[in-house]
Amino acid sequence: MFSQILLASDGEPHTEKATDVCLELARMFDAYVTVIHVMDPYLKQFYNEIYAQGRKEYLEHIDTCLRTDADRLEKRLKDIFEPAASKFLFLKSYGDPEQEILKELNAKPYDLLITGGKLLTGIKKITSWNLPSRLEMKSPGIPVLVCRA
Amino acid sequence: MSFFNSMIAPDWKKFIPGLLLCAVFAFVVMNIHHLLATYHKADAASIKIPKIEKKIADLKSARGAPGEIASLEHQLHKYQKALKKVNGKVGQRWKWATFLYETCQFKYVAMLLIGGIIIRNTIGIPKVFLPGIGIARPLIKPGIIILGVHYVWSDVVKVGGTGLILTAFFIFGTALTVMYICRKKGVSDGLGGIMGAGTGVCGVSAIIATAPVVRARPLEMAYAIGTILLFGTLMLFVMPYLGQWLHVSQPQFGAWAAIAILNTAQLIAAAEWYGDEARNTAVLINAARIMLIPFIVMYTVWFYGLKDVNKESTGVWNTIKNKFPVFILGFFALVLLNSLHISALGGPKAAGTPFWAMNAVYKWFFALGFAGIGLSISIDDMKKSGGLAFLIGSGAATAKMILGLIAVMIIGSELLKVTGGH
């Protein structure tokens, strides 16, 4: 049923559950797992703050942090997936997470997108317009499984 | 040719759409501001003209002092001119203009900020405009440099000196307290360091200067920046009304804003909104405040024992060189020139002189900058505030607001008032 699974992970605690579910499904269906980790340079937009000093250092620091986090996540997920699912690929991408994930979804014939998300309560269940909700809405016909924790 | 090329950013074209958007937005708002101000003045003139005419008549019949009569006639002429501008007559009222301009304080700062926030967070801003909007914010800097023509060295010594002592006390007091509490509560050095610097000195600017030094993680930075923006924006809209309600004088408000408002952009905006005197005090105290950025970075390095981590970037001289806001020297250069009273340069109020011309354009730099600030305040960014950063930020912001108000009330207006040599 699922031969190609795309797991979108930012490495934050709320994506742990998505990783576990993805691993289970990959085992169950002997699926090919691609993990996409988008390095989001969102914080760079603040470098132009009026009195900001040491801008170059700040921008370099952001890039270093994003690369370090991505390398750390790659190692951790390789340790988890490689013994269980032989078909595993880790993709590092740079830019807006929504755009990059949708670009990847459109580029290959995936059967399922799995992503984590924060547990929503109360009115947020209806009004939330965070990344998982946007991906569900904009996915090009590919089912999206949001594991909220 | 290569010299000129080196001065131009290679990707300068991407800034054009956003800058144009800010320019159009600022132009429209400045015209609305001008219209409101004109009708508000006419409304005030319509009430005051009969009273002044009566007073002049009374003084003339009682053979009053000619000086007093001349002064009243001068005032009368000004009011008649204001009324003539709208082709109005005595007794005619423009209450809506007074209500918007005076009661609601709906001036160009508020229109640009509130309008910008509404546009950004409702219809949204297409991505093509974002780089230019980002680059518009620092255009406040030339405006601040130009404002140097409003000061003389005695102001710098009196107000700047008082402000320096006041801000140094609050900056290091906040930073020390926040960093100490963070360490006691087991908060990471990264978050503790940027929150200490961010809540102590110029908000996001200080976070940018400190984050690489304390090696703050991106999530910690997002939390910290979100929190600073949230409280900076809240204070920007709350403090001017609170100041009016508490009858805080303009110089006192300027000092209070410079102490309490966590982010620089918002503090300049709040002070400009409150009035010219508040702005003059706030800009001068803020100039003293931002010069403390290198020292807060060194203090953070010392506090977290980071001396040996990267000597190249954390040495005393390197820190001062890399983190000192050089543009502020331009501001002090103009203060120096104004203090020398060179007749060829004139003054901000001497029509037709170079300083008068400079003063006439500062508001346009501010308007472009505020358009950039308003259009870049995103509720999504503020939503990123959270976790411990929110707790630290709310505690520091509230404490600085209350203690700052008490401090400026004790100091009084006189020590905080910029005279401009008059």
# chains A, B, ... in the order shown; residues from 1 in each chain; ligands from 1
>>> interface_residues(of="chain B", to="chain A", cutoff="8 Å", atoms="only C-alpha atoms", output="PyMOL selection string")
chain B and resi 134-135+137-138+140-141+202+204-206+208-209+211-212+215+217-218+221-222+264-265+290+322-325
>>> residues_around(residues="Asp381 in chain B", least_positions_apart="2", cutoff="9 Å", atoms="only C-alpha atoms", output="PDB file with C-alpha atoms, in the first residue's frame")
ATOM      1  CA  ALA B 222      13.171  32.270  17.859  1.00  0.00           C
ATOM      2  CA  ILE B 225      13.109  37.325  19.404  1.00  0.00           C
ATOM      3  CA  GLY B 226       9.389  36.485  19.447  1.00  0.00           C
ATOM      4  CA  THR B 227       9.160  37.492  23.107  1.00  0.00           C
ATOM      5  CA  LEU B 229       8.939  41.693  19.625  1.00  0.00           C
ATOM      6  CA  LEU B 230       5.748  40.840  21.481  1.00  0.00           C
ATOM      7  CA  ILE B 377       5.588  43.195  12.439  1.00  0.00           C
ATOM      8  CA  SER B 378       4.191  39.740  11.969  1.00  0.00           C
ATOM      9  CA  ILE B 379       1.913  38.144  14.527  1.00  0.00           C
ATOM     10  CA  LYS B 383       3.550  33.652  18.238  1.00  0.00           C
ATOM     11  CA  LYS B 384       6.977  32.031  18.276  1.00  0.00           C
ATOM     12  CA  SER B 385       7.540  33.545  21.699  1.00  0.00           C
TER      13      SER B 385
END
>>> select_by_dssp(residues="range 42-195 of chain B", states="alpha helix (DSSP H)", output="MDAnalysis selection string")
chainID B and resid 42:61 66:85 95:98 108:121 130:136 140:146 153:155 161:184 189:195
>>> closest_residue(among="B:Met409, B:His33, B:Ile145, B:Thr199", to="Leu100 in chain B", atoms="only C-alpha atoms")
B:His33
>>> closest_residue(among="B:Trp96, B:Phe15, B:Phe355, B:Phe331", to="Val156 in chain B", atoms="only C-alpha atoms")
B:Phe331
>>> atom_distance(atom1="CA of His247 in chain B", atom2="CA of His150 in chain B")
24.6 Å
>>> select_by_dssp(residues="range 45-104 of chain A", states="strand (DSSP E)", output="number ranges by chain")
A: 88-94
>>> residues_around(residues="Ile80 in chain A", least_positions_apart="5", cutoff="10 Å", atoms="only C-alpha atoms", output="PDB file with N, CA and C atoms, in the first residue's frame")
ATOM      1  N   THR A  19       8.279   9.972  13.710  1.00  0.00           N
ATOM      2  CA  THR A  19       9.400   9.101  13.370  1.00  0.00           C
ATOM      3  C   THR A  19       9.055   7.642  13.723  1.00  0.00           C
ATOM      4  N   ASP A  20       8.480   7.434  14.911  1.00  0.00           N
ATOM      5  CA  ASP A  20       8.107   6.084  15.350  1.00  0.00           C
ATOM      6  C   ASP A  20       7.071   5.474  14.412  1.00  0.00           C
ATOM      7  N   LEU A  23       8.594   4.570  11.079  1.00  0.00           N
ATOM      8  CA  LEU A  23       9.402   3.353  11.193  1.00  0.00           C
ATOM      9  C   LEU A  23       8.517   2.113  11.162  1.00  0.00           C
ATOM     10  N   GLU A  74      20.512  13.788  10.999  1.00  0.00           N
ATOM     11  CA  GLU A  74      20.813  12.756  10.000  1.00  0.00           C
ATOM     12  C   GLU A  74      21.421  11.529  10.672  1.00  0.00           C
ATOM     13  N   LYS A  75      22.365  11.763  11.568  1.00  0.00           N
ATOM     14  CA  LYS A  75      23.038  10.655  12.253  1.00  0.00           C
ATOM     15  C   LYS A  75      22.034   9.869  13.111  1.00  0.00           C
ATOM     16  N   ALA A  85      14.951  -0.393   8.166  1.00  0.00           N
ATOM     17  CA  ALA A  85      14.512  -0.244   6.771  1.00  0.00           C
ATOM     18  C   ALA A  85      15.737   0.023   5.913  1.00  0.00           C
TER      19      ALA A  85
END
>>> residues_around(residues="Ala84 in chain A", least_positions_apart="3", cutoff="10 Å", atoms="only C-alpha atoms", output="PDB file with N, CA and C atoms, in the first residue's frame")
ATOM      1  N   LEU A  23       8.594   4.570  11.079  1.00  0.00           N
ATOM      2  CA  LEU A  23       9.402   3.353  11.193  1.00  0.00           C
ATOM      3  C   LEU A  23       8.517   2.113  11.162  1.00  0.00           C
ATOM      4  N   GLU A  24       7.410   2.158  11.899  1.00  0.00           N
ATOM      5  CA  GLU A  24       6.465   1.036  11.935  1.00  0.00           C
ATOM      6  C   GLU A  24       5.901   0.748  10.546  1.00  0.00           C
ATOM      7  N   ALA A  26       7.136   1.628   7.644  1.00  0.00           N
ATOM      8  CA  ALA A  26       8.200   1.193   6.728  1.00  0.00           C
ATOM      9  C   ALA A  26       8.465  -0.297   6.899  1.00  0.00           C
ATOM     10  N   ARG A  27       8.442  -0.750   8.138  1.00  0.00           N
ATOM     11  CA  ARG A  27       8.638  -2.186   8.426  1.00  0.00           C
ATOM     12  C   ARG A  27       7.469  -2.989   7.870  1.00  0.00           C
ATOM     13  N   ASP A  30       7.442  -2.604   3.999  1.00  0.00           N
ATOM     14  CA  ASP A  30       8.768  -2.671   3.376  1.00  0.00           C
ATOM     15  C   ASP A  30       8.952  -1.457   2.441  1.00  0.00           C
ATOM     16  N   LYS A  78      19.574   7.959  10.906  1.00  0.00           N
ATOM     17  CA  LYS A  78      20.258   6.833  10.247  1.00  0.00           C
ATOM     18  C   LYS A  78      20.376   5.669  11.218  1.00  0.00           C
ATOM     19  N   ASP A  79      20.709   5.978  12.455  1.00  0.00           N
ATOM     20  CA  ASP A  79      20.827   4.933  13.479  1.00  0.00           C
ATOM     21  C   ASP A  79      19.491   4.242  13.707  1.00  0.00           C
ATOM     22  N   ILE A  80      18.408   4.995  13.576  1.00  0.00           N
ATOM     23  CA  ILE A  80      17.079   4.417  13.817  1.00  0.00           C
ATOM     24  C   ILE A  80      16.610   3.612  12.597  1.00  0.00           C
ATOM     25  N   PHE A  81      16.729   4.219  11.413  1.00  0.00           N
ATOM     26  CA  PHE A  81      16.106   3.619  10.224  1.00  0.00           C
ATOM     27  C   PHE A  81      16.953   2.548   9.543  1.00  0.00           C
ATOM     28  N   LYS A  87      15.956   0.657   2.842  1.00  0.00           N
ATOM     29  CA  LYS A  87      15.804   1.689   1.823  1.00  0.00           C
ATOM     30  C   LYS A  87      15.539   3.032   2.513  1.00  0.00           C
ATOM     31  N   PHE A  88      16.584   3.776   2.746  1.00  0.00           N
ATOM     32  CA  PHE A  88      16.466   5.012   3.524  1.00  0.00           C
ATOM     33  C   PHE A  88      17.323   6.121   2.912  1.00  0.00           C
TER      34      PHE A  88
END
>>> closest_atom_pairs(of="range 105-200 of chain B", to="range 332-335 of chain B", cutoff="8 Å", atoms="only C-alpha atoms", output="tab-separated table")
residue	atom	partner	partner_atom	distance
B:Ile145	CA	B:Leu334	CA	7.3
B:Ile146	CA	B:Leu334	CA	7.3
B:Gly148	CA	B:Val335	CA	4.8
B:Val149	CA	B:Leu334	CA	5.7
B:His150	CA	B:Val335	CA	7.4
B:Tyr151	CA	B:Val335	CA	5.5
B:Val152	CA	B:Val335	CA	5.5
B:Trp153	CA	B:Val335	CA	6.6
>>> residues_around(residues="Gly116 in chain B", least_positions_apart="6", cutoff="8 Å", atoms="only C-alpha atoms", output="PyMOL selection string")
chain B and resi 371-377
>>> write_last_selection(atoms="C-alpha atoms", output="CSV table (one decimal), in the first residue's frame")
chain,number,residue,atom,x,y,z
B,371,ALA,CA,6.6,51.9,7.3
B,372,GLY,CA,9.2,49.2,7.2
B,373,ILE,CA,8.7,48.4,10.9
B,374,GLY,CA,4.9,48.3,10.6
B,375,LEU,CA,4.9,46.1,7.5
B,376,SER,CA,7.4,43.7,9.1
B,377,ILE,CA,5.6,43.2,12.4
>>> closest_residue(among="B:Gln244, B:Gly143, B:Val418, B:Ala389", to="Asn280 in chain B", atoms="only C-alpha atoms")
B:Val418
